[in-house]
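Chemist: Sending over structure_0.cif (mmCIF, C-alpha atoms).
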```cif
data_entry
#
loop_
_atom_site.label_atom_id
_atom_site.label_comp_id
_atom_site.auth_asym_id
_atom_site.auth_seq_id
_atom_site.Cartn_x
_atom_site.Cartn_y
_atom_site.Cartn_z
CA MET F 1226 -9.63 -38.81 23.06
CA HIS F 1227 -7.42 -36.34 24.94
CA GLU F 1228 -9.45 -33.53 26.52
CA VAL F 1229 -7.96 -30.10 25.83
CA ASP F 1230 -8.07 -27.59 28.68
CA LEU F 1231 -9.31 -24.41 26.99
CA ASP F 1232 -9.03 -22.42 30.20
CA LYS F 1233 -5.35 -23.02 30.96
CA PRO F 1234 -2.63 -23.57 28.32
CA PRO F 1235 -0.19 -26.36 29.31
CA VAL F 1236 2.73 -23.93 29.12
CA LEU F 1237 1.16 -21.51 31.63
CA GLN F 1238 2.78 -23.05 34.71
CA GLU F 1239 6.22 -22.75 33.14
CA VAL F 1240 5.50 -19.12 32.25
CA GLU F 1241 4.38 -18.30 35.79
CA ASN F 1242 7.47 -19.95 37.29
CA PHE F 1243 9.77 -18.08 34.89
CA PHE F 1244 8.42 -14.66 35.82
CA LYS F 1245 8.26 -15.42 39.54
CA GLY F 1246 11.91 -16.43 39.30
CA HIS F 1247 12.63 -12.96 37.93
CA GLY F 1248 10.82 -11.20 40.74
CA ILE F 1249 7.46 -10.59 39.05
CA GLY F 1250 5.05 -11.33 41.87
CA ASP F 1251 1.94 -9.78 40.31
CA PHE F 1252 2.08 -11.65 36.98
CA THR F 1253 -1.42 -11.84 35.46
CA PHE F 1254 -3.05 -14.17 32.94
CA SER F 1255 -6.10 -13.09 30.93
CA ARG F 1256 -8.11 -16.11 29.83
CA GLY F 1257 -10.46 -14.25 27.52
CA ARG F 1258 -13.31 -15.84 25.60
CA LEU F 1259 -13.01 -19.63 25.25
CA ARG F 1260 -15.57 -20.15 22.46
CA GLU F 1261 -16.37 -18.16 19.32
CA TRP F 1262 -13.22 -16.09 19.72
CA ARG F 1263 -11.64 -16.48 16.26
CA CYS F 1264 -12.45 -13.51 14.01
CA ARG F 1265 -10.12 -14.37 11.15
CA ALA F 1266 -9.80 -17.75 9.42
CA LYS F 1267 -7.96 -19.05 6.35
CA LEU F 1268 -9.60 -22.29 5.19
CA ALA F 1269 -8.59 -24.73 2.44
CA ILE F 1270 -11.23 -25.90 -0.04
CA ARG F 1271 -11.00 -29.42 -1.47
CA GLY F 1272 -13.34 -32.32 -2.31
CA THR F 1273 -16.03 -32.13 -4.98
CA PRO F 1274 -18.82 -29.66 -5.87
CA GLU F 1275 -21.35 -32.14 -4.48
CA SER F 1276 -19.40 -32.62 -1.26
CA PRO F 1277 -16.94 -29.75 -0.71
CA LEU F 1278 -14.48 -29.86 2.20
CA ILE F 1279 -13.90 -26.46 3.82
CA GLY F 1280 -11.50 -26.54 6.73
CA LEU F 1281 -7.92 -27.06 7.90
CA TYR F 1282 -5.18 -29.49 6.98
CA GLN F 1283 -4.86 -32.43 9.33
CA GLU F 1284 -1.57 -32.25 11.21
CA GLY F 1285 1.42 -33.22 9.07
CA THR F 1286 -0.68 -33.72 5.93
CA HIS F 1287 -2.47 -31.87 3.16
CA THR F 1288 -5.67 -33.75 3.86
CA VAL F 1289 -8.43 -31.27 4.65
CA ALA F 1290 -10.58 -31.84 7.73
CA ASP F 1291 -14.05 -30.38 7.16
CA ILE F 1292 -15.11 -28.06 10.02
CA PRO F 1293 -18.65 -26.86 9.31
CA GLU F 1294 -19.41 -25.77 12.90
CA CYS F 1295 -16.09 -24.89 14.51
CA ARG F 1296 -16.60 -23.86 18.15
CA ALA F 1297 -13.61 -21.51 18.00
CA HIS F 1298 -14.97 -19.57 15.03
CA HIS F 1299 -17.08 -16.47 15.38
CA PRO F 1300 -20.67 -17.47 14.45
CA SER F 1301 -20.51 -15.26 11.35
CA ILE F 1302 -17.57 -17.30 10.02
CA ASN F 1303 -19.52 -20.55 10.43
CA ALA F 1304 -22.56 -19.00 8.75
CA THR F 1305 -20.39 -17.85 5.82
CA VAL F 1306 -18.84 -21.32 5.44
CA LYS F 1307 -22.36 -22.81 5.27
CA LEU F 1308 -23.38 -20.30 2.60
CA LEU F 1309 -20.17 -20.83 0.61
CA ARG F 1310 -20.67 -24.60 0.69
CA GLN F 1311 -24.17 -24.11 -0.73
CA GLY F 1312 -22.86 -21.82 -3.49
CA ILE F 1313 -20.11 -24.27 -4.51
CA SER F 1314 -22.67 -27.05 -4.91
CA GLU F 1315 -25.36 -25.05 -6.70
CA LEU F 1316 -22.94 -23.41 -9.17
CA ASN F 1317 -20.79 -26.52 -9.67
CA VAL F 1318 -17.62 -24.69 -8.58
CA GLN F 1319 -14.68 -27.09 -8.73
CA PRO F 1320 -12.63 -27.21 -5.50
CA PHE F 1321 -8.87 -27.18 -6.03
CA ASP F 1322 -7.12 -30.51 -6.68
CA GLU F 1323 -3.64 -30.13 -5.25
CA ASP F 1324 -2.22 -33.25 -6.91
CA VAL F 1325 -2.86 -32.14 -10.49
CA GLY F 1326 -3.25 -28.37 -9.98
CA THR F 1327 -6.77 -28.19 -11.42
CA GLY F 1328 -9.97 -26.78 -10.01
CA GLU F 1329 -11.20 -23.26 -9.39
CA LEU F 1330 -11.49 -22.35 -5.70
CA ARG F 1331 -8.36 -22.98 -3.62
CA TYR F 1332 -8.89 -21.19 -0.29
CA VAL F 1333 -11.16 -18.71 1.44
CA GLN F 1334 -10.19 -16.10 4.02
CA ILE F 1335 -13.00 -14.85 6.22
CA ALA F 1336 -12.37 -11.81 8.43
CA VAL F 1337 -14.94 -10.48 10.90
CA THR F 1338 -15.46 -6.80 11.60
CA THR F 1339 -17.36 -5.81 14.72
CA TYR F 1340 -17.20 -2.12 13.73
CA ASN F 1341 -20.83 -1.02 13.37
CA THR F 1342 -21.82 2.29 14.93
CA SER F 1343 -25.48 1.82 13.97
CA ILE F 1344 -26.09 -0.73 16.75
CA PRO F 1345 -25.37 -0.69 20.53
CA VAL F 1346 -21.81 -1.54 21.56
CA ALA F 1347 -22.99 -4.64 23.48
CA LYS F 1348 -24.36 -6.21 20.29
CA ARG F 1349 -21.52 -5.39 17.90
CA TYR F 1350 -19.47 -8.50 18.51
CA GLU F 1351 -22.26 -11.05 18.09
CA GLN F 1352 -23.54 -9.25 14.96
CA GLY F 1353 -20.14 -9.00 13.27
CA ARG F 1354 -20.04 -9.03 9.48
CA VAL F 1355 -17.42 -10.69 7.30
CA GLN F 1356 -15.02 -9.76 4.55
CA VAL F 1357 -14.75 -12.79 2.23
CA SER F 1358 -11.61 -13.33 0.12
CA LEU F 1359 -11.91 -16.06 -2.51
CA VAL F 1360 -8.55 -17.46 -3.66
CA TRP F 1361 -9.16 -18.35 -7.31
CA ASN F 1362 -6.98 -20.72 -9.32
CA SER F 1363 -6.23 -18.40 -12.23
CA ARG F 1364 -3.84 -15.61 -13.18
CA ASP F 1365 -6.44 -12.84 -13.16
CA GLU F 1366 -10.10 -11.99 -13.74
CA ARG F 1367 -9.70 -12.39 -17.52
CA SER F 1368 -9.07 -16.14 -17.31
CA GLN F 1369 -11.52 -18.68 -18.74
CA ASN F 1370 -13.08 -19.62 -15.40
CA SER F 1371 -13.66 -16.01 -14.28
CA GLU F 1372 -17.39 -16.22 -15.06
CA LYS F 1373 -17.77 -18.83 -12.33
CA LEU F 1374 -16.03 -16.48 -9.88
CA SER F 1375 -18.53 -13.73 -10.71
CA LEU F 1376 -21.46 -16.10 -10.28
CA LEU F 1377 -20.18 -17.29 -6.88
CA SER F 1378 -19.62 -13.69 -5.73
CA GLU F 1379 -23.14 -12.74 -6.83
CA PHE F 1380 -24.60 -15.78 -5.04
CA LEU F 1381 -22.87 -14.89 -1.76
CA TRP F 1382 -23.87 -11.21 -1.99
CA ARG F 1383 -27.47 -12.01 -2.90
CA ASN F 1384 -27.86 -14.43 0.01
CA GLY F 1385 -25.66 -12.70 2.59
CA GLY F 1386 -25.50 -9.06 1.55
CA PRO F 1387 -27.52 -6.05 2.76
CA ARG F 1388 -30.70 -7.11 0.92
CA SER F 1389 -30.74 -10.66 2.30
CA ASN F 1390 -32.69 -11.78 5.38
CA VAL F 1391 -29.54 -11.58 7.50
CA HIS F 1392 -26.88 -9.04 6.54
CA LEU F 1393 -23.83 -11.27 7.00
CA ILE F 1394 -21.32 -10.19 4.36
CA HIS F 1395 -19.46 -6.88 4.52
CA SER F 1396 -17.54 -7.27 1.25
CA ILE F 1397 -16.09 -9.80 -1.20
CA TRP F 1398 -12.59 -9.83 -2.68
CA ALA F 1399 -10.81 -12.12 -5.13
CA ASN F 1400 -7.19 -13.17 -4.96
CA PHE F 1401 -5.56 -14.89 -7.91
CA GLN F 1402 -3.07 -17.68 -7.28
CA THR F 1403 -1.67 -20.35 -9.63
CA SER F 1404 1.53 -21.24 -7.76
CA ALA F 1405 2.18 -24.87 -6.85
CA SER F 1406 3.74 -23.79 -3.54
CA ASN F 1407 2.10 -23.74 -0.10
CA ILE F 1408 1.68 -19.96 -0.23
CA ILE F 1409 -2.02 -19.20 0.10
CA PHE F 1410 -2.25 -15.80 -1.57
CA GLY F 1411 -1.01 -14.56 -4.94
CA HIS F 1412 0.02 -10.98 -5.63
CA LYS F 1413 -3.13 -9.88 -7.47
CA TRP F 1414 -6.22 -8.73 -5.56
CA ARG F 1415 -9.55 -7.47 -6.87
CA HIS F 1416 -12.40 -5.89 -4.95
CA LEU F 1417 -15.64 -7.46 -6.22
CA VAL F 1418 -18.54 -6.08 -4.18
CA GLY F 1419 -19.43 -4.38 -0.89
CA GLU F 1420 -17.48 -1.81 1.10
CA LYS F 1421 -13.86 -1.58 0.05
CA ASP F 1422 -12.45 -0.67 3.44
CA LEU F 1423 -12.76 -3.01 6.42
CA TRP F 1424 -12.61 -1.12 9.73
CA GLU F 1425 -12.12 -2.39 13.25
CA ARG F 1426 -11.74 -0.62 16.59
CA TYR F 1427 -8.39 -1.46 18.22
CA GLY F 1428 -7.02 0.25 21.31
CA GLY F 1429 -9.45 3.15 21.01
CA VAL F 1430 -8.72 4.03 17.35
CA ASP F 1431 -10.24 3.06 14.00
CA ILE F 1432 -8.00 0.72 12.02
CA SER F 1433 -8.35 -0.12 8.32
CA LEU F 1434 -7.30 -3.63 7.33
CA ASP F 1435 -6.92 -4.71 3.72
CA PRO F 1436 -7.44 -8.44 3.03
CA CYS F 1437 -3.68 -8.75 2.44
CA SER F 1438 -2.83 -7.08 5.78
CA PHE F 1439 -1.96 -9.05 8.88
CA GLY F 1440 -4.78 -9.05 11.41
CA GLN F 1441 -5.05 -10.61 14.85
CA ALA F 1442 -7.44 -13.59 14.93
CA ASN F 1443 -8.59 -12.90 18.50
CA THR F 1444 -10.00 -9.36 18.41
CA LEU F 1445 -11.17 -9.28 22.04
CA SER F 1446 -7.92 -10.54 23.56
CA PHE F 1447 -5.83 -8.26 21.35
CA ASN F 1448 -7.83 -5.26 22.55
CA ALA F 1449 -7.32 -6.39 26.16
CA LEU F 1450 -3.55 -6.50 25.54
CA LEU F 1451 -3.55 -3.02 23.97
CA HIS F 1452 -5.40 -1.45 26.89
CA LYS F 1453 -2.92 -3.05 29.30
CA LEU F 1454 0.03 -1.86 27.17
CA HIS F 1455 -1.18 1.75 27.21
CA LYS F 1456 -0.65 1.90 30.97
CA TYR F 1457 3.10 1.52 30.52
CA VAL F 1458 3.57 4.38 28.06
CA PRO F 1459 4.04 7.74 29.87
CA ARG F 1460 2.08 10.66 28.45
CA GLY F 1461 4.13 12.81 26.11
CA SER F 1462 6.54 9.99 25.21
CA THR F 1463 8.52 9.67 22.00
CA VAL F 1464 7.85 6.14 20.75
CA VAL F 1465 9.31 3.81 18.14
CA ASP F 1466 7.25 0.76 17.15
CA LEU F 1467 9.42 -1.89 15.50
CA TYR F 1468 7.78 -4.69 13.46
CA SER F 1469 4.75 -2.40 13.38
CA GLY F 1470 2.69 -3.88 10.53
CA ALA F 1471 -0.06 -1.41 9.62
CA GLY F 1472 0.74 0.60 12.76
CA VAL F 1473 -2.12 -0.60 14.97
CA ILE F 1474 -0.10 -0.41 18.19
CA GLY F 1475 1.70 2.82 17.31
CA LEU F 1476 -1.48 4.64 16.28
CA SER F 1477 -3.40 3.51 19.35
CA VAL F 1478 -0.57 4.68 21.64
CA ALA F 1479 -0.31 8.01 19.79
CA ALA F 1480 -3.98 8.74 20.35
CA SER F 1481 -4.37 7.47 23.91
CA LYS F 1482 -1.13 8.76 25.48
CA LYS F 1483 -0.73 12.14 23.72
CA CYS F 1484 2.74 11.19 22.51
CA ARG F 1485 5.10 13.78 21.07
CA SER F 1486 6.11 11.43 18.28
CA VAL F 1487 5.56 7.85 17.09
CA LYS F 1488 7.74 6.11 14.49
CA CYS F 1489 6.38 2.89 12.97
CA VAL F 1490 8.93 0.65 11.24
CA GLU F 1491 7.71 -2.20 9.02
CA ILE F 1492 9.31 -4.32 6.27
CA ASN F 1493 6.05 -5.19 4.45
CA LYS F 1494 5.27 -2.38 1.99
CA LEU F 1495 1.68 -3.63 1.57
CA SER F 1496 0.92 -2.31 5.08
CA LYS F 1497 1.45 1.30 3.97
CA MET F 1498 -2.04 1.84 2.55
CA SER F 1499 -3.77 0.54 5.69
CA PHE F 1500 -1.60 2.81 7.83
CA GLU F 1501 -2.49 5.88 5.75
CA LYS F 1502 -6.23 5.16 5.92
CA SER F 1503 -6.11 4.52 9.67
CA ALA F 1504 -4.04 7.62 10.36
CA SER F 1505 -6.59 9.73 8.47
CA ARG F 1506 -9.16 8.94 11.17
CA LEU F 1507 -7.06 10.07 14.11
CA PRO F 1508 -8.44 13.03 16.09
CA PRO F 1509 -7.45 16.42 14.62
CA ASN F 1510 -4.80 18.52 16.37
CA LEU F 1511 -3.32 15.48 18.08
CA GLY F 1512 0.00 17.29 18.45
CA CYS F 1513 1.94 14.13 17.64
CA THR F 1514 4.30 13.56 14.70
CA ILE F 1515 3.52 10.07 13.40
CA THR F 1516 5.63 8.44 10.68
CA TRP F 1517 5.59 5.03 9.00
CA HIS F 1518 8.81 3.71 7.46
CA ASN F 1519 9.07 0.81 5.03
CA THR F 1520 12.35 -0.82 6.00
CA ASP F 1521 13.90 -3.76 7.81
CA ALA F 1522 14.19 -2.94 11.52
CA SER F 1523 17.18 -5.28 11.84
CA VAL F 1524 19.32 -3.11 9.53
CA GLU F 1525 21.04 -0.46 11.67
CA PRO F 1526 18.38 -0.54 14.43
CA VAL F 1527 20.15 2.10 16.54
CA HIS F 1528 19.07 4.64 13.93
CA TRP F 1529 15.42 3.95 14.82
CA LEU F 1530 16.00 3.82 18.59
CA GLU F 1531 17.61 7.26 18.64
CA GLY F 1532 15.20 9.97 19.78
CA SER F 1533 12.74 7.56 21.42
CA SER F 1534 11.98 7.23 25.11
CA VAL F 1535 9.82 4.12 24.60
CA VAL F 1536 10.50 1.25 22.20
CA ILE F 1537 7.78 -1.30 21.37
CA VAL F 1538 8.71 -4.58 19.69
CA ASP F 1539 6.25 -7.13 18.34
CA PRO F 1540 8.50 -9.56 16.45
CA PRO F 1541 7.51 -12.74 14.60
CA ARG F 1542 7.48 -16.09 16.39
CA LYS F 1543 11.24 -16.53 16.03
CA GLY F 1544 11.82 -13.45 18.19
CA LEU F 1545 14.08 -10.41 17.86
CA HIS F 1546 16.83 -10.29 15.28
CA PRO F 1547 20.31 -10.47 16.93
CA SER F 1548 21.14 -6.99 15.64
CA VAL F 1549 18.08 -5.53 17.41
CA ILE F 1550 19.03 -7.23 20.69
CA ASN F 1551 22.59 -5.96 20.31
CA ALA F 1552 21.37 -2.40 19.73
CA LEU F 1553 19.04 -2.54 22.74
CA GLN F 1554 21.90 -3.78 24.91
CA LYS F 1555 24.15 -0.95 23.76
CA VAL F 1556 21.66 1.88 24.21
CA ALA F 1557 20.68 0.51 27.62
CA LEU F 1558 24.13 1.12 29.08
CA SER F 1559 23.67 4.89 29.39
CA GLU F 1560 22.83 7.95 27.33
CA ARG F 1561 26.51 8.70 26.90
CA LYS F 1562 27.50 5.20 25.86
CA ALA F 1563 24.42 4.87 23.69
CA TYR F 1564 25.45 8.00 21.82
CA LYS F 1565 28.89 6.49 21.27
CA ALA F 1566 27.26 3.28 20.02
CA LYS F 1567 25.18 5.33 17.61
CA SER F 1568 28.23 7.27 16.43
CA SER F 1569 30.25 4.11 15.82
CA LEU F 1570 27.51 2.79 13.58
CA THR F 1571 27.11 5.98 11.57
CA LYS F 1572 30.62 6.80 10.45
CA VAL F 1573 29.39 6.91 6.86
CA LYS F 1574 27.05 9.73 5.88
CA ASP F 1575 23.35 9.21 5.24
CA GLU F 1576 23.82 9.42 1.48
CA LYS F 1577 26.01 6.30 1.69
CA ARG F 1578 23.35 4.37 3.59
CA PRO F 1579 20.77 3.50 0.91
CA TRP F 1580 18.56 1.57 3.34
CA ILE F 1581 18.01 4.70 5.43
CA LEU F 1582 17.34 6.81 2.34
CA ARG F 1583 14.83 4.29 1.00
CA ALA F 1584 13.08 4.21 4.36
CA ARG F 1585 12.78 8.01 4.31
CA GLU F 1586 11.44 8.01 0.75
CA ALA F 1587 8.82 5.38 1.64
CA ALA F 1588 7.83 7.16 4.83
CA VAL F 1589 4.34 8.42 5.59
CA GLN F 1590 4.14 11.46 7.87
CA VAL F 1591 0.87 12.40 9.53
CA ASP F 1592 1.93 15.66 11.17
CA SER F 1593 4.87 17.96 10.49
CA THR F 1594 5.29 19.25 14.04
CA PRO F 1595 9.06 19.71 14.53
CA LEU F 1596 10.77 17.86 17.34
CA GLU F 1597 13.59 19.64 19.10
CA GLY F 1598 16.40 17.92 20.90
CA SER F 1599 14.93 14.45 20.41
CA SER F 1600 18.18 13.01 19.03
CA GLU F 1601 19.63 13.01 22.55
CA THR F 1602 16.83 10.79 23.86
CA TRP F 1603 17.26 7.03 24.23
CA PRO F 1604 14.75 4.38 25.32
CA GLU F 1605 13.99 4.18 29.02
CA THR F 1606 11.16 1.66 28.54
CA LEU F 1607 11.07 -1.46 26.36
CA ILE F 1608 7.68 -3.07 25.73
CA TYR F 1609 7.98 -6.57 24.28
CA ILE F 1610 4.96 -8.39 22.79
CA SER F 1611 5.73 -12.03 22.10
CA CYS F 1612 3.83 -14.81 20.35
CA GLY F 1613 6.67 -17.33 20.77
CA TRP F 1614 7.43 -18.36 24.34
CA ASP F 1615 10.73 -20.16 23.63
CA SER F 1616 12.14 -17.25 21.63
CA PHE F 1617 10.98 -14.76 24.28
CA LYS F 1618 12.82 -16.64 27.05
CA LYS F 1619 16.02 -16.49 25.00
CA ASP F 1620 15.59 -12.80 24.17
CA CYS F 1621 14.68 -11.93 27.75
CA LYS F 1622 17.88 -13.52 29.09
CA SER F 1623 19.95 -11.71 26.46
CA LEU F 1624 18.42 -8.33 27.26
CA MET F 1625 19.04 -8.71 31.00
CA SER F 1626 22.51 -10.19 30.66
CA SER F 1627 24.09 -6.72 30.50
CA LYS F 1628 22.37 -5.83 33.82
CA ALA F 1629 21.13 -2.61 32.23
CA TRP F 1630 17.60 -3.75 31.32
CA HIS F 1631 15.54 -5.21 34.10
CA LEU F 1632 12.14 -6.90 33.88
CA GLN F 1633 9.54 -4.75 35.60
CA ASP F 1634 6.21 -6.40 34.75
CA ALA F 1635 4.68 -9.21 32.72
CA HIS F 1636 1.23 -10.34 31.61
CA ALA F 1637 -0.01 -13.25 29.50
CA PHE F 1638 -3.04 -13.52 27.22
CA ASN F 1639 -4.87 -16.57 25.91
CA PHE F 1640 -5.02 -15.64 22.23
CA PHE F 1641 -5.54 -19.24 21.07
CA PRO F 1642 -7.61 -21.23 23.60
CA GLY F 1643 -7.04 -24.97 23.41
CA THR F 1644 -3.44 -24.65 22.22
CA ASP F 1645 -0.07 -24.41 23.94
CA SER F 1646 0.42 -20.92 22.49
CA ILE F 1647 0.45 -17.90 24.78
CA GLU F 1648 0.90 -14.18 24.13
CA ILE F 1649 3.27 -12.29 26.42
CA LEU F 1650 3.35 -8.59 27.25
CA ALA F 1651 6.62 -7.83 29.07
CA ILE F 1652 7.84 -4.46 30.33
CA PHE F 1653 11.55 -3.76 30.70
CA LYS F 1654 13.09 -0.66 32.28
CA ARG F 1655 16.54 0.76 31.63
CA GLU F 1656 18.52 1.49 34.72
CA SER F 1657 20.10 4.92 34.80
CA GLU F 1658 23.87 5.30 35.00
CA ALA F 1659 23.55 6.56 38.58
CA VAL F 1660 21.61 3.47 39.65
CA GLN F 1661 24.13 1.21 37.91
CA LYS F 1662 27.02 2.88 39.78
CA LYS F 1663 25.13 2.68 43.06
CA LYS F 1664 24.58 -1.06 42.59
CA LYS F 1665 28.22 -1.60 41.72
CA LYS F 1666 29.30 0.25 44.87
CA ALA F 1667 26.89 -1.75 46.99
CA LYS F 1668 28.17 -4.98 45.45
CA LYS F 1669 31.80 -4.03 46.16
CA LYS F 1670 30.94 -3.04 49.71
CA LYS F 1671 29.17 -6.35 50.28
CA ALA F 1672 32.18 -8.24 48.89
CA LYS F 1673 34.44 -6.59 51.47
#
```
Could the structure of this file be written out as structure tokens, please?
Modeler:
Amino acid sequence: MHEVDLDKPPVLQEVENFFKGHGIGDFTFSRGRLREWRCRAKLAIRGTPESPLIGLYQEGTHTVADIPECRAHHPSINATVKLLRQGISELNVQPFDEDVGTGELRYVQIAVTTYNTSIPVAKRYEQGRVQVSLVWNSRDERSQNSEKLSLLSEFLWRNGGPRSNVHLIHSIWANFQTSASNIIFGHKWRHLVGEKDLWERYGGVDISLDPCSFGQANTLSFNALLHKLHKYVPRGSTVVDLYSGAGVIGLSVAASKKCRSVKCVEINKLSKMSFEKSASRLPPNLGCTITWHNTDASVEPVHWLEGSSVVIVDPPRKGLHPSVINALQKVALSERKAYKAKSSLTKVKDEKRPWILRAREAAVQVDSTPLEGSSETWPETLIYISCGWDSFKKDCKSLMSSKAWHLQDAHAFNFFPGTDSIEILAIFKRESEAVQKKKKKAKKKKAK
């Protein structure tokens, strides 16, 4: 059997060579925790009540590989899987049969929270509690098999809740899904028992995560990335966070760097509630206007770049949308040319741009502090967080092709030990018009 190197992803050498080739001599790689690092897991449930299979699909199939003691999982996830297995057997819960669409329990999502102020910081990770989301094969809680769902929830809470020998479970949710597709979650969620809000500490701020919100699986490595990212945001900046999700990055930057403003732009409307809850816990009198906008960042992106000195992008694995790259290239040329680029894209008035109006209507504003003169500001710093190495290479070359953005720094993080996946934090700087002219003169002089 092939031995996987947990310490060093196979792609790391290529990554190092790429950045060295672009003049990044102090590139760093954070290995992080190699075991028990995963704090969020979605597991399929198949088999029989007597012998349930709780695990992942084998590669290229829908055959579930049972993983009762996964070394990557946080210990609390493994303990919850053991308890769930026991409940399925004792209550005769029918695992989902994908071929005929029958059964009761399809999937389980288990998310760990290490947020517990009642114990010392050093013990919070190892004593993390879990939010359990049971994906039930019915339309809603009024279906015929809903009694079994209640019994399973009660079993888990009785044996893993606050009155059990070991307080393992933070809360239990139900999700209802009857679709024959590969989509794990349905649209209906119900809170069954325990605390409704799941909190975690990210980048120095409290973040609320609903079970339907995106959350990083590797809590420790994500926090390491955030603390590194903060160093590249000047105090008092005006920031736009594209692909922001529930605003974790934007909120942490707002609090730690005393920003004048932070705009979070996210297409998923379900992230709004988590953002509002998290923003409510920010320190009072922060002096920062923070807004969250429900819109597609790829539609007229220059509108969101205007007024920001720092732009943060955390796109999906496929990388930045071509329109976002194009906008970044245009605004990087100079303040004057960027303003022209903005003007050329906004010949129609706001009332004729329904996507901008909808984004304003769906916005959440934390503070109403007015910003003066911000419309003449354009990004000087671009912070790119990438989970897809191939797409990042392509985007990086496109951004630097205009010679206006240059790569200043880069760091990598081992978010998924044992895989060929690597998380990149790259810092780009926009060259001023004066520097661009100086370089052109020097180039001409050298040519003579």
Chemist: Between CA of Val1240 in chain F and CA of Thr1253 in chain F, what distance in Å does the model show, to one decimal?
Modeler: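 Between these atoms lies a distance of 10.5 Å.
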Chemist: Run the PyMOL selection byres ((chain F and resi 1334) around 7) against the file shown and list the residues it catches, as a list of chain:residue names.
Modeler: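 Applying the expression gives F:Ala1266, F:Lys1267, F:Leu1268, F:Tyr1332, F:Val1333, F:Ile1335, F:Ala1336, F:Val1357, F:Ser1358, F:Leu1359.
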Chemist: Which residue is closest to Tyr1427 in chain F? Choose from F:Ala1449, F:Leu1309, F:Ile1344, F:Ala1442 and count all atoms listed in the file.
Modeler: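 Among the listed residues, F:Ala1449 lies closest to Tyr1427 in chain F.
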Chemist: Find, counting all atoms listed in the file, the residue in F:Ala1552, F:Leu1545, F:Val1589, F:Ala1297 that gets nearest to Asp1615 in chain F.
Modeler: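 Using all atoms listed in the file, the shortest distance to Asp1615 in chain F belongs to F:Leu1545.
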Chemist: Once the PyMOL selection byres ((chain F and resi 1554) around 8) is applied to the coordinates I shared, what remains selected? I want it as a list in words.
Modeler: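 On this input, the PyMOL selection byres ((chain F and resi 1554) around 8) captures Ile1550, Asn1551, Ala1552, Leu1553, Lys1555, Val1556, Ala1557, Leu1558, Leu1624, Ser1627, Ala1629 and Trp1630 of chain F.
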Chemist: State, in Å with one decimal place, the distance from CA of Ser1406 in chain F to CA of Thr1288 in chain F.
Modeler: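 According to the coordinates, CA of Ser1406 in chain F and CA of Thr1288 in chain F are separated by 15.6 Å.
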Chemist: Using all atoms listed in the file, determine which residues lie at most 7 Å from range 1473-1482 of chain F, disregarding the query and same-chain residues fewer than 3 positions distant; provide the list as a count of residues only.
Modeler: 13
Chemist: Show which residues sit within 7 Å of Asp1435 in chain F, as a list in words. Count only C-alpha atoms, and ignore same-chain residues fewer than 3 positions away.
Modeler: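 My reading of the contact set: Asp1422, Leu1423, Ser1438 and Ser1499 of chain F.
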Chemist: Of the residues F:Phe1380, F:Phe1447, F:Phe1410, F:Phe1439, which is the one nearest to Ile1397 in chain F, using only C-alpha atoms?
Modeler: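 When distances to Ile1397 in chain F are compared using only C-alpha atoms, the smallest one comes from F:Phe1380.
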Chemist: Which residues are close to Val1360 in chain F, i.e. within 12 Å by only C-alpha atoms, leaving aside same-chain residues fewer than 5 positions away? Reply as a PyMOL selection string.
Modeler: chain F and resi 1267-1270+1320-1321+1328-1335+1365-1366+1371+1374+1378+1397-1404+1408-1415+1436-1437
Chemist: Name the residues, using the chain letters and numbers of the file, that sit within 8 Å of (9.8, 5.7, 23.9) when counting all atoms listed in the file, and give them as a list of chain:residue names.
Modeler: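 So the residues meeting the distance criterion are F:Val1458, F:Ser1462, F:Thr1463, F:Val1464, F:Val1465, F:Ser1533, F:Ser1534, F:Val1535, F:Val1536, F:Ile1537, F:Trp1603, F:Pro1604, F:Glu1605, F:Thr1606, F:Leu1607.
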Chemist: Any chance you can output those residues with C-alpha atoms as a PDB file, in the frame of the given file?
Modeler:
```pdb
ATOM      1  CA  VAL F1458       3.570   4.380  28.060  1.00  0.00           C
ATOM      2  CA  SER F1462       6.540   9.990  25.210  1.00  0.00           C
ATOM      3  CA  THR F1463       8.520   9.670  22.000  1.00  0.00           C
ATOM      4  CA  VAL F1464       7.850   6.140  20.750  1.00  0.00           C
ATOM      5  CA  VAL F1465       9.310   3.810  18.140  1.00  0.00           C
ATOM      6  CA  SER F1533      12.740   7.560  21.420  1.00  0.00           C
ATOM      7  CA  SER F1534      11.980   7.230  25.110  1.00  0.00           C
ATOM      8  CA  VAL F1535       9.820   4.120  24.600  1.00  0.00           C
ATOM      9  CA  VAL F1536      10.500   1.250  22.200  1.00  0.00           C
ATOM     10  CA  ILE F1537       7.780  -1.300  21.370  1.00  0.00           C
ATOM     11  CA  TRP F1603      17.260   7.030  24.230  1.00  0.00           C
ATOM     12  CA  PRO F1604      14.750   4.380  25.320  1.00  0.00           C
ATOM     13  CA  GLU F1605      13.990   4.180  29.020  1.00  0.00           C
ATOM     14  CA  THR F1606      11.160   1.660  28.540  1.00  0.00           C
ATOM     15  CA  LEU F1607      11.070  -1.460  26.360  1.00  0.00           C
TER      16      LEU F1607
END
```
Chemist: With distances taken over all atoms listed in the file, which of F:Ser1343, F:Ser1368, F:Thr1273, F:Ser1301 is nearest to Gln1319 in chain F?
Modeler: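 Of F:Ser1343, F:Ser1368, F:Thr1273, F:Ser1301, the one nearest Gln1319 in chain F, counting all atoms listed in the file, is F:Thr1273.
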Chemist: Find the distance between CA of Pro1277 in chain F and CA of Leu1434 in chain F and write it in Å to one decimal.
Modeler: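 Between these atoms lies a distance of 29.0 Å.
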